[in-house]
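Peer 1: File name work.cif; file contents mmCIF, C-alpha atoms and all ligand atoms; full text below.
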data_model
loop_
_atom_site.label_atom_id
_atom_site.label_comp_id
_atom_site.auth_asym_id
_atom_site.auth_seq_id
_atom_site.Cartn_x
_atom_site.Cartn_y
_atom_site.Cartn_z
CA MET A 873 -22.38 58.12 4.83
CA PRO A 874 -20.44 58.86 8.01
CA SER A 875 -18.13 61.87 7.78
CA PHE A 876 -14.43 61.19 7.27
CA PRO A 877 -13.36 62.40 10.75
CA HIS A 878 -16.08 60.16 12.20
CA VAL A 879 -14.62 57.14 10.39
CA LEU A 880 -11.13 58.07 11.62
CA ARG A 881 -12.36 58.37 15.18
CA GLY A 882 -13.94 54.93 14.82
CA LEU A 883 -10.67 53.45 13.59
CA VAL A 884 -8.74 54.97 16.48
CA LEU A 885 -11.26 53.53 18.93
CA LEU A 886 -11.01 50.11 17.34
CA LEU A 887 -7.21 50.00 17.18
CA PRO A 888 -6.60 48.94 20.80
CA LEU A 889 -9.07 46.12 20.36
CA ALA A 890 -7.47 44.93 17.15
CA LEU A 891 -3.98 45.04 18.66
CA ALA A 892 -4.76 43.60 22.08
CA PRO A 893 -2.84 40.33 22.31
CA GLY A 894 -4.83 37.17 22.77
CA ARG A 895 -8.18 38.79 22.29
CA ALA A 896 -10.50 36.68 20.17
CA ALA A 897 -12.14 38.38 17.25
CA PRO A 898 -15.84 38.89 17.82
CA ALA A 899 -17.68 35.92 16.33
CA ALA A 900 -19.67 36.69 13.24
CA ALA A 901 -23.39 36.10 13.56
CA PRO A 902 -23.93 32.40 12.84
CA ASN A 903 -26.21 30.80 10.33
CA ILE A 904 -29.03 29.18 12.28
CA ILE A 905 -30.91 26.00 11.44
CA LEU A 906 -33.78 25.07 13.75
CA ILE A 907 -35.06 21.55 13.13
CA ASN A 908 -38.39 20.97 14.85
CA CYS A 909 -39.79 17.44 14.70
CA ASP A 910 -43.46 16.82 15.32
CA ASP A 911 -44.40 14.68 18.34
CA LEU A 912 -40.91 13.20 18.75
CA GLY A 913 -40.61 11.85 22.29
CA TYR A 914 -37.87 12.28 24.86
CA GLY A 915 -37.10 8.55 24.60
CA ASP A 916 -37.14 8.26 20.81
CA LEU A 917 -33.44 8.81 20.05
CA ALA A 918 -30.54 6.50 20.83
CA CYS A 919 -28.64 9.41 22.38
CA TYR A 920 -31.60 9.87 24.76
CA GLY A 921 -31.69 6.20 25.68
CA ALA A 922 -33.83 4.55 23.00
CA PRO A 923 -32.54 0.97 22.80
CA ASP A 924 -34.40 0.06 19.62
CA ILE A 925 -33.93 3.00 17.23
CA ARG A 926 -30.60 3.75 15.60
CA THR A 927 -29.75 7.43 15.32
CA PRO A 928 -26.04 7.54 14.48
CA HIS A 929 -26.12 11.04 12.97
CA LEU A 930 -27.93 12.57 15.93
CA ASP A 931 -25.67 10.64 18.31
CA ARG A 932 -22.68 12.17 16.51
CA MET A 933 -24.35 15.59 16.67
CA ALA A 934 -24.62 15.09 20.45
CA ARG A 935 -20.96 14.05 20.70
CA GLU A 936 -19.89 17.08 18.68
CA GLY A 937 -22.29 19.41 20.50
CA THR A 938 -24.41 19.71 23.62
CA ARG A 939 -27.29 17.47 24.67
CA PHE A 940 -29.85 19.20 26.86
CA THR A 941 -31.65 16.98 29.36
CA ASP A 942 -34.10 19.55 30.78
CA PHE A 943 -35.53 21.36 27.76
CA SER A 944 -39.32 21.82 27.78
CA VAL A 945 -41.94 23.22 25.49
CA THR A 946 -44.79 25.22 27.02
CA SER A 947 -47.65 23.06 25.79
CA PRO A 948 -48.17 19.41 24.88
CA LEU A 949 -49.85 20.28 21.59
CA CYS A 950 -48.65 21.50 18.20
CA THR A 951 -50.13 24.97 17.69
CA PRO A 952 -49.63 26.41 21.19
CA SER A 953 -46.13 24.92 21.43
CA ARG A 954 -45.12 26.42 18.09
CA ALA A 955 -46.63 29.79 18.98
CA ALA A 956 -44.33 29.94 22.00
CA LEU A 957 -41.25 28.79 20.09
CA MET A 958 -41.90 31.26 17.30
CA THR A 959 -42.49 34.29 19.56
CA GLY A 960 -40.76 33.72 22.90
CA LYS A 961 -44.14 34.36 24.57
CA TYR A 962 -46.61 32.11 26.34
CA PRO A 963 -49.22 30.83 23.90
CA GLY A 964 -51.95 32.46 25.99
CA ARG A 965 -50.24 35.82 25.51
CA VAL A 966 -50.65 35.51 21.75
CA GLY A 967 -54.19 34.09 21.80
CA LEU A 968 -53.23 30.49 20.97
CA ALA A 969 -53.39 28.87 24.39
CA THR A 970 -55.30 25.72 23.69
CA GLY A 971 -56.58 24.10 20.48
CA VAL A 972 -54.91 23.13 17.24
CA LEU A 973 -55.55 25.22 14.14
CA ARG A 974 -57.34 23.25 11.45
CA PRO A 975 -56.71 24.07 7.78
CA ASP A 976 -60.00 25.97 7.48
CA ALA A 977 -59.19 28.20 10.47
CA LYS A 978 -59.36 31.89 9.69
CA GLY A 979 -57.26 32.94 12.67
CA GLY A 980 -53.73 32.29 13.79
CA LEU A 981 -50.69 34.04 15.13
CA ALA A 982 -51.37 37.77 14.83
CA ALA A 983 -49.31 39.47 12.16
CA ALA A 984 -48.16 42.03 14.73
CA GLU A 985 -46.32 39.41 16.80
CA ILE A 986 -42.55 39.28 16.22
CA THR A 987 -41.53 35.82 15.02
CA LEU A 988 -38.09 34.25 15.03
CA ALA A 989 -37.69 35.24 11.39
CA GLU A 990 -38.73 38.83 12.08
CA ALA A 991 -36.40 39.01 15.07
CA LEU A 992 -33.42 37.95 12.94
CA LYS A 993 -34.23 40.10 9.91
CA PRO A 994 -32.72 43.31 11.32
CA ALA A 995 -29.38 41.48 11.53
CA GLY A 996 -29.46 40.82 7.79
CA TYR A 997 -30.58 37.19 7.78
CA ALA A 998 -32.06 35.40 4.82
CA THR A 999 -34.99 33.45 6.26
CA GLY A 1000 -36.57 30.24 5.04
CA CYS A 1001 -39.42 28.14 6.38
CA ILE A 1002 -39.81 24.55 5.28
CA GLY A 1003 -42.55 22.22 6.50
CA LYS A 1004 -45.20 22.47 9.16
CA TRP A 1005 -46.13 25.97 10.28
CA HIS A 1006 -49.48 25.51 12.03
CA LEU A 1007 -49.83 29.15 13.03
CA GLY A 1008 -52.26 30.45 10.40
CA PHE A 1009 -53.20 29.55 6.85
CA VAL A 1010 -55.04 32.48 5.33
CA PRO A 1011 -53.16 35.22 3.47
CA GLY A 1012 -51.60 37.57 5.99
CA LEU A 1013 -50.86 34.81 8.52
CA ARG A 1014 -48.61 32.49 6.51
CA PRO A 1015 -44.84 32.18 6.95
CA ARG A 1016 -44.02 34.73 4.23
CA ASP A 1017 -46.29 37.20 6.03
CA GLN A 1018 -44.40 36.55 9.28
CA GLY A 1019 -40.81 37.31 8.29
CA PHE A 1020 -39.82 34.34 6.16
CA ASP A 1021 -38.49 35.08 2.67
CA SER A 1022 -39.53 31.68 1.36
CA TYR A 1023 -41.86 28.84 2.22
CA TYR A 1024 -42.14 25.25 1.06
CA GLY A 1025 -44.29 22.49 2.48
CA VAL A 1026 -47.60 21.55 4.03
CA LEU A 1027 -48.69 24.32 6.38
CA HIS A 1028 -50.51 22.06 8.85
CA ASN A 1029 -50.96 18.37 9.75
CA LEU A 1030 -51.50 15.50 7.34
CA ASP A 1031 -54.07 13.55 9.32
CA ARG A 1032 -57.67 12.78 8.51
CA PHE A 1033 -58.99 15.90 10.27
CA GLU A 1034 -56.94 17.89 7.79
CA THR A 1035 -57.09 15.96 4.52
CA VAL A 1036 -60.89 16.04 4.53
CA VAL A 1037 -60.78 19.81 4.09
CA PHE A 1038 -59.08 19.40 0.69
CA GLU A 1039 -61.08 16.50 -0.74
CA LYS A 1040 -62.96 18.57 -3.28
CA GLU A 1041 -59.76 20.23 -4.49
CA GLY A 1042 -57.83 17.08 -5.35
CA GLY A 1043 -56.12 16.52 -2.01
CA MET A 1044 -53.87 18.31 0.41
CA PRO A 1045 -51.50 20.76 -1.26
CA VAL A 1046 -47.74 21.03 -0.90
CA LEU A 1047 -47.07 24.73 -1.35
CA ARG A 1048 -44.13 26.67 -2.71
CA GLY A 1049 -44.83 30.16 -1.53
CA ASP A 1050 -48.56 30.49 -2.12
CA THR A 1051 -48.57 28.21 -5.17
CA VAL A 1052 -49.63 24.59 -5.09
CA GLU A 1053 -46.62 22.60 -6.28
CA THR A 1054 -47.99 19.05 -5.79
CA ARG A 1055 -51.05 17.34 -4.38
CA PRO A 1056 -52.08 15.26 -2.60
CA ALA A 1057 -49.31 15.36 -0.01
CA ASP A 1058 -47.94 11.86 0.66
CA PRO A 1059 -46.79 11.28 4.26
CA ALA A 1060 -44.22 8.72 3.10
CA VAL A 1061 -42.18 11.29 1.17
CA MET A 1062 -42.42 14.37 3.39
CA THR A 1063 -39.10 13.87 5.20
CA ALA A 1064 -37.30 13.29 1.90
CA LEU A 1065 -38.96 16.31 0.24
CA TYR A 1066 -38.12 18.58 3.16
CA THR A 1067 -34.55 17.36 3.32
CA THR A 1068 -33.96 18.02 -0.39
CA GLU A 1069 -35.45 21.47 0.06
CA ALA A 1070 -33.32 22.20 3.13
CA LEU A 1071 -30.11 21.21 1.35
CA ALA A 1072 -31.02 23.47 -1.59
CA PHE A 1073 -31.77 26.37 0.78
CA ILE A 1074 -28.40 26.00 2.50
CA GLU A 1075 -26.58 25.82 -0.83
CA ALA A 1076 -28.40 28.88 -2.19
CA HIS A 1077 -27.75 31.02 0.90
CA ARG A 1078 -24.21 29.92 1.69
CA ALA A 1079 -22.78 33.40 1.15
CA ARG A 1080 -24.80 35.29 3.78
CA PRO A 1081 -26.19 34.65 7.24
CA PHE A 1082 -29.32 32.56 7.00
CA PHE A 1083 -32.02 31.25 9.29
CA LEU A 1084 -33.72 28.04 8.26
CA TYR A 1085 -36.73 26.75 10.18
CA LEU A 1086 -37.34 23.12 9.22
CA GLY A 1087 -40.62 21.87 10.65
CA HIS A 1088 -40.71 18.16 9.90
CA ALA A 1089 -44.09 16.51 9.40
CA MET A 1090 -42.82 13.40 11.19
CA PRO A 1091 -43.33 11.42 13.37
CA HIS A 1092 -46.83 12.95 13.77
CA LEU A 1093 -49.68 10.66 12.71
CA PRO A 1094 -50.00 9.43 9.98
CA PHE A 1095 -46.28 8.62 10.11
CA ASP A 1096 -44.58 6.94 7.17
CA ALA A 1097 -41.13 6.61 5.62
CA THR A 1098 -39.57 6.26 2.19
CA PRO A 1099 -39.00 2.66 1.02
CA ARG A 1100 -35.27 2.53 1.74
CA PHE A 1101 -35.92 3.13 5.46
CA LYS A 1102 -38.79 0.69 5.86
CA GLY A 1103 -38.30 -2.49 7.84
CA ARG A 1104 -34.98 -1.37 9.35
CA SER A 1105 -35.84 -0.43 12.90
CA ALA A 1106 -36.55 -2.70 15.83
CA ARG A 1107 -39.42 -0.34 16.73
CA GLY A 1108 -41.29 -0.95 13.48
CA LEU A 1109 -42.42 1.76 11.09
CA TYR A 1110 -42.31 4.40 13.83
CA GLY A 1111 -38.64 3.65 14.36
CA ASP A 1112 -38.04 3.68 10.60
CA VAL A 1113 -39.50 7.19 10.51
CA ILE A 1114 -37.12 8.35 13.26
CA GLU A 1115 -34.17 6.74 11.49
CA GLU A 1116 -35.08 8.71 8.35
CA LEU A 1117 -35.20 11.94 10.40
CA ASP A 1118 -31.76 10.98 11.70
CA ASP A 1119 -30.48 10.46 8.18
CA SER A 1120 -31.99 13.81 7.13
CA THR A 1121 -30.13 15.63 9.91
CA GLY A 1122 -26.94 13.80 8.94
CA GLN A 1123 -27.31 15.08 5.39
CA ILE A 1124 -27.78 18.65 6.62
CA LEU A 1125 -24.69 18.54 8.85
CA GLU A 1126 -22.68 16.95 6.03
CA LYS A 1127 -23.77 19.71 3.65
CA LEU A 1128 -22.56 22.32 6.15
CA ARG A 1129 -19.20 20.56 6.44
CA ALA A 1130 -18.85 20.26 2.66
CA LEU A 1131 -19.57 23.96 2.17
CA GLY A 1132 -17.15 24.99 4.92
CA LEU A 1133 -20.05 26.40 6.97
CA ALA A 1134 -19.86 24.08 9.99
CA GLU A 1135 -18.02 26.54 12.22
CA ARG A 1136 -20.36 29.34 11.20
CA THR A 1137 -23.63 27.51 11.74
CA LEU A 1138 -25.66 26.75 14.85
CA VAL A 1139 -27.96 23.77 14.40
CA LEU A 1140 -30.69 22.99 16.92
CA PHE A 1141 -32.66 19.73 16.80
CA THR A 1142 -35.81 19.40 18.88
CA SER A 1143 -39.53 18.53 18.96
CA ASP A 1144 -42.76 20.46 19.48
CA ASN A 1145 -44.15 18.13 22.18
CA GLY A 1146 -43.99 14.60 23.48
CA PRO A 1147 -45.10 11.43 21.70
CA GLU A 1148 -48.69 10.78 20.67
CA ARG A 1149 -50.77 8.40 22.80
CA ASN A 1150 -51.24 4.86 21.52
CA THR A 1151 -48.28 5.05 19.15
CA PRO A 1152 -44.85 3.45 19.55
CA GLY A 1153 -43.47 6.89 20.46
CA ARG A 1154 -41.85 6.97 23.90
CA ALA A 1155 -40.98 9.57 26.49
CA ALA A 1156 -39.14 7.12 28.76
CA PRO A 1157 -38.04 7.56 31.49
CA LEU A 1158 -40.61 10.34 31.82
CA ARG A 1159 -44.29 9.97 32.64
CA GLY A 1160 -47.06 10.93 30.25
CA THR A 1161 -47.41 11.75 26.56
CA LYS A 1162 -48.61 14.51 24.29
CA HIS A 1163 -51.98 15.86 25.56
CA THR A 1164 -50.71 15.71 29.16
CA VAL A 1165 -48.73 18.23 31.17
CA TYR A 1166 -46.58 15.50 32.68
CA GLU A 1167 -42.93 15.73 31.71
CA GLY A 1168 -43.43 13.24 28.88
CA GLY A 1169 -45.68 15.74 27.14
CA LEU A 1170 -43.44 18.74 27.67
CA ARG A 1171 -39.81 17.71 27.97
CA VAL A 1172 -38.26 16.92 24.59
CA PRO A 1173 -34.80 16.33 23.14
CA LEU A 1174 -32.67 19.37 22.34
CA LEU A 1175 -29.34 18.96 20.61
CA ALA A 1176 -27.19 22.01 19.87
CA TRP A 1177 -24.28 21.88 17.42
CA TRP A 1178 -21.89 24.65 16.45
CA PRO A 1179 -18.33 23.33 16.17
CA GLY A 1180 -15.87 25.52 18.03
CA ARG A 1181 -18.57 27.50 19.86
CA VAL A 1182 -21.06 25.10 21.48
CA PRO A 1183 -19.07 22.75 23.71
CA ALA A 1184 -18.66 19.24 22.34
CA GLY A 1185 -19.70 16.13 24.21
CA ARG A 1186 -21.47 18.04 26.94
CA GLU A 1187 -24.67 17.09 28.71
CA CYS A 1188 -26.44 20.18 30.03
CA GLY A 1189 -29.09 19.81 32.74
CA ASP A 1190 -29.98 23.49 32.96
CA PHE A 1191 -33.69 24.37 32.94
CA VAL A 1192 -34.31 25.79 29.45
CA THR A 1193 -37.56 26.13 27.50
CA ALA A 1194 -38.84 26.85 24.01
CA LEU A 1195 -39.64 30.38 25.24
CA ASP A 1196 -35.92 31.01 25.52
CA VAL A 1197 -35.08 30.18 21.91
CA LEU A 1198 -36.02 33.53 20.37
CA PRO A 1199 -34.10 35.82 22.73
CA THR A 1200 -31.12 33.46 22.62
CA LEU A 1201 -30.98 33.37 18.83
CA ALA A 1202 -31.50 37.14 18.62
CA ARG A 1203 -28.56 37.67 20.97
CA LEU A 1204 -26.31 35.33 18.98
CA ALA A 1205 -27.32 37.13 15.78
CA ASP A 1206 -26.62 40.51 17.40
CA ALA A 1207 -30.23 41.50 16.70
CA PRO A 1208 -32.38 43.47 19.18
CA ILE A 1209 -34.32 41.30 21.62
CA PRO A 1210 -38.02 42.29 21.41
CA ALA A 1211 -39.70 43.63 24.54
CA GLY A 1212 -42.37 41.82 26.51
CA LEU A 1213 -41.05 38.27 26.14
CA ASP A 1214 -41.49 35.38 28.53
CA GLY A 1215 -38.18 33.95 27.33
CA HIS A 1216 -34.65 34.52 28.57
CA ASP A 1217 -31.40 34.80 26.67
CA VAL A 1218 -29.61 31.56 27.54
CA SER A 1219 -26.75 32.02 25.09
CA PRO A 1220 -24.10 31.86 27.87
CA VAL A 1221 -25.47 28.43 28.82
CA LEU A 1222 -25.55 27.32 25.19
CA LEU A 1223 -21.99 28.48 24.61
CA GLY A 1224 -20.72 26.94 27.83
CA THR A 1225 -19.52 30.19 29.34
CA PRO A 1226 -17.82 29.26 32.62
CA GLY A 1227 -20.18 29.74 35.55
CA ALA A 1228 -23.19 30.48 33.35
CA ARG A 1229 -26.52 29.11 34.58
CA SER A 1230 -29.94 29.38 33.03
CA PRO A 1231 -31.87 32.35 34.45
CA ARG A 1232 -35.13 30.42 34.06
CA THR A 1233 -36.88 29.45 37.29
CA THR A 1234 -40.52 28.89 36.28
CA LEU A 1235 -42.70 27.42 33.53
CA TYR A 1236 -46.49 27.46 33.19
CA SER A 1237 -48.07 24.77 31.03
CA LEU A 1238 -51.65 24.43 29.85
CA TYR A 1239 -53.47 21.78 27.89
CA GLY A 1240 -56.99 21.77 26.57
CA PRO A 1241 -60.06 23.93 26.80
CA ASN A 1242 -62.48 23.79 29.73
CA ASP A 1243 -63.40 20.21 30.68
CA ARG A 1244 -60.13 18.71 29.48
CA ARG A 1245 -58.09 21.50 30.98
CA ARG A 1246 -54.84 20.49 32.65
CA GLU A 1247 -52.40 22.98 34.12
CA ALA A 1248 -48.96 22.66 35.61
CA PHE A 1249 -46.57 25.15 37.10
CA ARG A 1250 -42.92 24.47 37.65
CA GLU A 1251 -40.56 26.37 39.92
CA ASN A 1252 -37.04 25.03 39.57
CA HIS A 1253 -37.22 21.38 40.69
CA TRP A 1254 -40.80 21.62 42.00
CA LYS A 1255 -43.59 20.74 39.58
CA LEU A 1256 -47.21 21.29 40.58
CA HIS A 1257 -50.21 19.93 38.69
CA LEU A 1258 -52.95 22.38 39.65
CA GLY A 1259 -56.51 21.42 40.49
CA SER A 1260 -58.75 20.16 43.26
CA ALA A 1261 -56.43 17.17 43.81
CA PRO A 1262 -53.05 18.77 43.27
CA GLU A 1263 -49.98 16.70 42.50
CA LEU A 1264 -46.55 17.92 43.49
CA TYR A 1265 -43.34 16.32 42.32
CA ASP A 1266 -39.67 16.94 42.99
CA LEU A 1267 -38.22 16.64 39.49
CA ALA A 1268 -34.65 16.58 40.76
CA ALA A 1269 -35.26 13.36 42.69
CA ASP A 1270 -38.24 12.09 40.72
CA PRO A 1271 -38.25 13.18 37.05
CA ALA A 1272 -40.78 10.41 36.33
CA GLU A 1273 -43.34 12.18 38.59
CA SER A 1274 -44.13 9.01 40.52
CA THR A 1275 -44.34 10.22 44.14
CA ASN A 1276 -46.94 12.90 44.88
CA LEU A 1277 -45.60 15.16 47.63
CA ALA A 1278 -48.56 17.55 47.76
CA THR A 1279 -49.72 16.60 51.25
CA ARG A 1280 -46.16 16.65 52.58
CA HIS A 1281 -45.41 20.15 51.24
CA PRO A 1282 -48.64 22.20 51.37
CA GLU A 1283 -46.61 25.42 51.53
CA VAL A 1284 -45.02 24.63 48.17
CA VAL A 1285 -48.44 23.81 46.69
CA ALA A 1286 -49.77 27.15 47.96
CA ARG A 1287 -46.78 29.13 46.67
CA LEU A 1288 -46.78 27.59 43.20
CA THR A 1289 -50.58 27.89 42.92
CA ALA A 1290 -50.37 31.57 43.74
CA ARG A 1291 -47.52 32.15 41.30
CA ALA A 1292 -49.38 30.31 38.53
CA ARG A 1293 -52.49 32.41 39.13
CA GLU A 1294 -50.43 35.60 39.06
CA LEU A 1295 -48.96 34.64 35.71
CA VAL A 1296 -52.24 33.49 34.18
CA ALA A 1297 -53.83 36.82 35.14
CA THR A 1298 -51.38 38.54 32.80
CA LEU A 1299 -52.23 36.33 29.82
CA ALA A 1300 -55.00 36.91 27.30
CA PRO A 1301 -58.09 34.71 27.69
CA ALA A 1302 -57.67 31.30 26.06
CA ARG A 1303 -59.12 31.02 22.58
CA SER A 1304 -62.21 28.86 22.74
CA GLU A 1305 -62.85 26.07 20.23
MG MG A 1401 -46.77 18.12 17.63
#
Kindly present the structure from the file in structure tokens form.
Peer 2:
Amino acid sequence: MPSFPHVLRGLVLLLPLALAPGRAAPAAAPNIILINCDDLGYGDLACYGAPDIRTPHLDRMAREGTRFTDFSVTSPLCTPSRAALMTGKYPGRVGLATGVLRPDAKGGLAAAEITLAEALKPAGYATGCIGKWHLGFVPGLRPRDQGFDSYYGVLHNLDRFETVVFEKEGGMPVLRGDTVETRPADPAVMTALYTTEALAFIEAHRARPFFLYLGHAMPHLPFDATPRFKGRSARGLYGDVIEELDDSTGQILEKLRALGLAERTLVLFTSDNGPERNTPGRAAPLRGTKHTVYEGGLRVPLLAWWPGRVPAGRECGDFVTALDVLPTLARLADAPIPAGLDGHDVSPVLLGTPGARSPRTTLYSLYGPNDRRREAFRENHWKLHLGSAPELYDLAADPAESTNLATRHPEVVARLTARARELVATLAPARSE
């Protein structure tokens, strides 16, 4: 308990602030909902130019919020990308630089790393994780061991590489906490299950600040939708799946409005990497897909919605990455920003503070172990694909990476190569698989 004179002194100090005319009250820490789709491409939403998929709820979210056009993940693959989003550090710095964790993996994101949930906890947040985690499956490495109060969902992928692990046990489990609630997991109902769960989480935590991480299973292979969405989209089942994700997000925003939480809740909608090869997923107008370090593998949609705080109807072309999410959310929550991050607080950019620009200038991206290794290093508008035949692109003029300028600008190739090597030297060795 503070002493009485101490309280009085505090009141006296606060009085001028309270009485100052025209001064806005400090904003309370917002609820935060981070919706992370799986393998959703840059060109898969109508508000990002898809002509054949209808996304009216996400389009409205964009009109009521801010649509980022230069938001990148660090890696074109699930586990490394999520490691960076969840920690604000390069995946190599947390030992998850390359491969995907399979359900029988014994390793994962080290318990000592500070996750989004752990970063927000000191500010009093209730924390929930729904859906794909992909950062560790054994006790000690699951979401509830990494700062989340609750967990519901399938921890990893739903594809054949994964389901085979559970064949002897009756199929892939859907977990509530550590308990198997249903099995086998059915790809067709995952979006509906996760949406129901998300709405219940919001309802249950309406009275206090909450952080909800919703890691959709879709549209990762094997993608599927509930019957009422099937056959609706001009892009076939893939488009149906995206339209169901759109409907899910619409339900979440409507729940926030109905509970009177809209102006106290920041909602982010994004993806962990670009679209899978040989699927109808698209990254247009960007080049490349998941499993490549071209922009199509790395640059993904990001919509931000917080009525009254995040500017409405704005398109933001600032260079922002998944590394920047943790420090930004910590700042908005008035929680301490952990040391040693690769991310920057971009909250002034998010909130549209006049004159604010993203402090980010560089991004290192890595895909694949050894023989399939691909590396890129970006410095502002310059993007270098490293290697014996380097490719250099000017993303400002050529976001589709179509004209290789490496021979025309050898000095830029040399500078970016050196900077990439300097950064890589600070990272832990890539985990081999
Ligand atoms: Mg993915």
Peer 1: Could you check which of A:Val1192, A:Arg1129, A:Glu1116, A:Arg1181 is closest to Gly1103 (chain A), using only C-alpha atoms?
Peer 2: A:Glu1116
Peer 1: Give the answer as one residue: which of A:Met933, A:Val1172, A:Leu1204, A:Leu1256 has the shortest atom-to-atom distance to ligand MG 1401 (chain A), using all atoms listed in the file?
Peer 2: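 The closest residue to ligand MG 1401 (chain A) is A:Val1172.
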Peer 1: What does the list of residues within 7 Å of ligand MG 1401 (chain A) look like if you count all atoms listed in the file, written as an mmCIF file with C-alpha atoms, keeping the file's coordinate frame?
Peer 2:
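Wrote selection.cif, looks like this:
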data_model
loop_
_atom_site.group_PDB
_atom_site.id
_atom_site.type_symbol
_atom_site.label_atom_id
_atom_site.label_comp_id
_atom_site.auth_asym_id
_atom_site.auth_seq_id
_atom_site.Cartn_x
_atom_site.Cartn_y
_atom_site.Cartn_z
ATOM 1 C CA ASP A 910 -43.460 16.820 15.320
ATOM 2 C CA ASP A 911 -44.400 14.680 18.340
ATOM 3 C CA LEU A 949 -49.850 20.280 21.590
ATOM 4 C CA CYS A 950 -48.650 21.500 18.200
ATOM 5 C CA HIS A 1092 -46.830 12.950 13.770
ATOM 6 C CA ASP A 1144 -42.760 20.460 19.480
ATOM 7 C CA ASN A 1145 -44.150 18.130 22.180
#
Peer 1: What does the structure give for the distance between CA of Tyr1085 (chain A) and CA of Cys1001 (chain A), in Å to one decimal?
Peer 2: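 Answer for the CA of Tyr1085 (chain A) to CA of Cys1001 (chain A) separation: 4.9 Å.
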Peer 1: For CA of Phe1083 (chain A) and CA of Leu992 (chain A), quote the distance in Å rounded to one decimal.
Peer 2: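 Going from CA of Phe1083 (chain A) over to CA of Leu992 (chain A), I get 7.8 Å.
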Peer 1: Can you measure CA of Glu990 (chain A) to CA of Leu1195 (chain A) for me? One decimal in Å is fine.
Peer 2: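 Computing it gives 15.7 Å between the two atoms.
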Peer 1: Determine, counting all atoms listed in the file, which protein, DNA and RNA residues have an atom within 8 Å of an atom of Phe1009 (chain A); residues of the same chain fewer than 5 positions away are not included. Present the result as a list in words.
Peer 2: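 The neighbour list is Pro975, Asp976, Ala977, Lys978, Gly979, Gly980, Arg1014 and Leu1027 of chain A.
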Peer 1: Which polymer residues, whether protein, DNA or RNA, lie within 8 Å of the coordinate (-48.6, 32.5, 32.2) when you count only C-alpha atoms? List them as a count of residues only, using the chain letters and numbers from the file.
Peer 2: 14
Peer 1: Identify, on the basis of only C-alpha atoms, every residue whose closest approach to Tyr1166 (chain A) does not exceed 9 Å; exclude the query and any residue fewer than 4 positions from it along the same chain; express the result as a count of residues only.
Peer 2: 12
Peer 1: Which of these residues is nearest to Val1284 (chain A), using all atoms listed in the file: A:Leu1133, A:Cys919, A:Ala900, A:Leu1264?
Peer 2: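 Using all atoms listed in the file, Val1284 (chain A) sits closest to A:Leu1264.
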Peer 1: Find the residue from A:Tyr1066, A:Leu1198, A:Ala934, A:Gly1111 that sits nearest to Ala955 (chain A); use only C-alpha atoms when measuring.
Peer 2: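 Going through A:Tyr1066, A:Leu1198, A:Ala934, A:Gly1111 one by one, the smallest distance to Ala955 (chain A) is for A:Leu1198.
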Peer 1: Find the smallest box with edges along x, y and z containing every listed atom of region 1167-1173 of chain A, then add 4 Å on each side and report centre and edge lengths in Å to one decimal, as AutoDock Vina command-line options.
Peer 2:
--center_x -40.2 --center_y 16.0 --center_z 27.4 --size_x 18.9 --size_y 13.5 --size_z 16.6
Peer 1: With only C-alpha atoms as the atoms that count, which of A:Glu1187, A:Glu1126, A:Asp1118, A:Asp1031 lies nearest to Leu1093 (chain A)?
Peer 2: A:Asp1031
